[in-house]
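K.L.:
Quick one: this structure, given as structure tokens, is what I'll be asking you about.
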Amino acid sequence: MTQNTQTDMSAASLLRRAALARRQNRLPEEAAALQAALRAAPQDVDVHFAIANALFARGRHPAALAQFRRVIAIAPEFVQAQHNLAILLKKQGKTAAAAAVLNRVVRLNPTLGGSQLALGDARLTQADHVGAQAALERAALLLPAESRVWLLLGFLAKRRDDPDRAASCFDRASKLARMDSVARLGLCMARLPSLYDQSEDIELARRQYAADLESLVASVRLDDPAAVQEAANAIGSFQPYYLAYQERCDRPLQELYGRFVAGVMAARYPAWANRPPMPPRSPGEPLRVGVASGFFRWHTIWKLMIRGWMDGLDPARIQLYGYHTAAIRDDCTEQARSRFHRFADGLSFDAMAAAIRADDLHALIYPEIGMDPMTSKLAALRLAPVQCVSWGHPDTTGLPTIDCVLSSDLMEPEGADEHYSERLIRLPGLGIAYPPLVVDSEATDFAAFGVRPSSIAYLCCQYVSKYLPQHDDLFPRIALHVPDSQFLFINPRADGVAARLRKRLDAAFARHGLDAARHVVILPYLRPGQYVALNRRANVYLDSVGWSGGNTTLEAVAEGLPVVTLPGALMRGRHSGAILTQAGVTETIAADLDDYVALAIRLGNDPVWRATVSVRIQEGCRHIHEDTRPLRALEDALEWLAEGEVQIGVAGTCQRL
């Protein structure tokens, strides 16, 4: 109280009455007591603070915001009022303003663990990972029993690819909050790092992941509504994205995960758990086909799939409905909005699921499952009678709610049906329509990044997770025979991960008596125009082994860049081989690792052959860009799926049973 008077005592009594009324959910009595307290002590900071908190609790955020500011004007060092103001600002999406207020709070009192936690959370939202780490480490000292501190520290550790620290933090968070499914999912996914230091780590990671996943599945009782609610809220927060990078068939593990996710979502949303009936069609009426994705924007998924479907599917046969599940928007989003028959955007999960069901679709396609949080939750439900996934994230989903995978006949190996829990549909060619990308080249001084003008530049542009340690020796083996070679990698915007890759490559080159510093360049993340310039500066494109390039290879061949690739045992290791086959240039598809090295050396040392291959690739690109067979086959497949069963022929054709 600001004044030691009988009036203040009366206000204090009224505040106690208001607090009791709130605990008992008697909101009118609380409001009356607060108004009486304000009349009794109009300048009392505690009264104004209580009113602000009451407004916040009732969702009257603009009034609460003004009231908190009034409190701070009366008492500038009232840290709890500033803390609550910051929480309200963050809730309104004003993260920068919230962080600024919390900075003042912790300067006034650095021992406030809750404010340190809130500051770390706000900085994490701003992608200030260094600042978030510092605040959360202070919060951990002050609030060692607060599970959210350890959850966020686990997230940061996973982001910098420190699996042991991430697992330790997630494990601590899950033990402090037994029903925290986010922490338990985080613990599972912490076992799947984005980069491995040695090949033996891969099998260990799989065993640990399997054990943690089995433990998670066993711990969630689907007949316990509270547990189901907690688990359903957690789905999508962490996903087994990095499992696919291990060069293994993932079907058993994905099926375990998929059954768990689908079971939780069915228990949480029973109205959307069962397959809806196939809507009837009038003669000549097009199929209503939905596309649900977080990537209606400039992104690999947009480039590979969405734009081709949007512009190439016959509107007389297919009427497209778009469902944008992420917050990021750009010009591509607006293109989709104008070209889809209906386009849903900016909806909550529940509202998006309801919108999809309400559109009474014949089929729903997910370009990928495993990269976008909301999409992963939607895909675990039955929102359309036929549900398909394409190869944007080329691994089986394991979800019993997904009927078919729309793949590429050229990319799938023999016996590939066994790799999927879904029915495999092999669409002709690449399985997609891929019109040429139009991106202007941006003048870029690659010498400033360490690329010698004289060097034979081998472009190694894949995400670092595709580079497994068992293949590191390929690069120095090439360099031994191409002395002025440089291998150009791209920083994944995680300096710690890039440093670990460099350390691995340093060791590999040293094993062959070479200095990696002369041969390895890790470029910064590039803008689209700079990336076009990089394709034009490079001499040879070296595909990653195990999971090859997809869109990156398509962009490279469009610039006439010769591609060396070694097709793998799984579809995701065969993208580049399929692209070269479609273009009619197969002489740089290697038979084995030794052949891969030999082809890379010849392209580096034989400029005449390199130029010949380059011209042939550019000429062959029309077979990629002009191929409409995948679109017509997709239209047929969707119609036959809507009518009944489909048999997939060995040559990728769809036939009615």
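If you're wondering about the labels, chains in the structure tokens are A, B, ... by order shown, residues count from 1 in each chain, ligands from 1 in order shown.
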Tell me, as an NGL selection string, which residues lie within 12 Å of Gly120 in chain A, counting only C-alpha atoms; anything in the same chain fewer than 5 positions away does not count.

P.N.:
:A and (95 or 98-100 or 102-103 or 106 or 113-115 or 125-140 or 148-153 or 155-156)

K.L.:
Which residues, written as a list in words, have at least one atom at most 12 Å from Glu559 in chain A, with only C-alpha atoms counted and residues fewer than 6 positions away on the same chain left out?

P.N.:
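In the requested form, the answer reads Pro436, Leu437, Val438, Val439, Ser441, Tyr531, Val532, Ala533, Leu534, Asn535, Arg536, Arg537, Ala538, Asn539, Val540, Tyr541, Thr552, Thr553, Val613, Ser614, Val615, Arg616, Ile617, Gln618, Glu619, Gly620 and Cys621 of chain A.
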
K.L.:
Between CA of His481 in chain A and CA of Gly549 in chain A, what is the spacing in Å?

P.N.:
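Between these atoms lies a distance of 24.7 Å.
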
K.L.:
Quick one: DSSP strand (DSSP E or B) residues in range 413-614 of chain A, as an NGL selection string?

P.N.:
:A and (423-427 or 456-459 or 485-490 or 520-523 or 540-542 or 563-565 or 589)

K.L.:
Please produce an output containing C-alpha atoms for each residue in the selection, written as a PDB file, in the first residue's frame.

P.N.:
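To be explicit, this is the file written out as again_28.pdb:
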```pdb
ATOM      1  CA  ARG A 423       0.187 -47.986 -51.428  1.00  0.00           C
ATOM      2  CA  LEU A 424       2.899 -46.934 -53.851  1.00  0.00           C
ATOM      3  CA  ILE A 425       1.712 -45.137 -56.985  1.00  0.00           C
ATOM      4  CA  ARG A 426       4.517 -44.792 -59.527  1.00  0.00           C
ATOM      5  CA  LEU A 427       3.648 -41.795 -61.692  1.00  0.00           C
ATOM      6  CA  ILE A 456      37.643 -26.593 -60.711  1.00  0.00           C
ATOM      7  CA  ALA A 457      34.648 -25.979 -58.482  1.00  0.00           C
ATOM      8  CA  TYR A 458      32.654 -29.034 -57.423  1.00  0.00           C
ATOM      9  CA  LEU A 459      29.264 -27.954 -56.129  1.00  0.00           C
ATOM     10  CA  SER A 485      39.848 -28.544 -57.108  1.00  0.00           C
ATOM     11  CA  GLN A 486      37.565 -26.918 -54.567  1.00  0.00           C
ATOM     12  CA  PHE A 487      34.449 -28.448 -53.019  1.00  0.00           C
ATOM     13  CA  LEU A 488      31.779 -25.843 -52.339  1.00  0.00           C
ATOM     14  CA  PHE A 489      29.405 -26.602 -49.461  1.00  0.00           C
ATOM     15  CA  ILE A 490      26.730 -24.289 -48.080  1.00  0.00           C
ATOM     16  CA  VAL A 520      36.986 -27.139 -48.921  1.00  0.00           C
ATOM     17  CA  VAL A 521      34.929 -23.938 -48.931  1.00  0.00           C
ATOM     18  CA  ILE A 522      31.788 -23.550 -46.843  1.00  0.00           C
ATOM     19  CA  LEU A 523      29.807 -20.727 -48.384  1.00  0.00           C
ATOM     20  CA  VAL A 540      30.659 -29.996 -61.720  1.00  0.00           C
ATOM     21  CA  TYR A 541      27.744 -30.878 -59.461  1.00  0.00           C
ATOM     22  CA  LEU A 542      28.650 -33.659 -57.012  1.00  0.00           C
ATOM     23  CA  VAL A 563      25.991 -33.992 -62.453  1.00  0.00           C
ATOM     24  CA  VAL A 564      27.812 -36.958 -60.933  1.00  0.00           C
ATOM     25  CA  THR A 565      25.447 -39.217 -59.006  1.00  0.00           C
ATOM     26  CA  ILE A 589      25.420 -41.906 -63.420  1.00  0.00           C
TER      27      ILE A 589
END
```
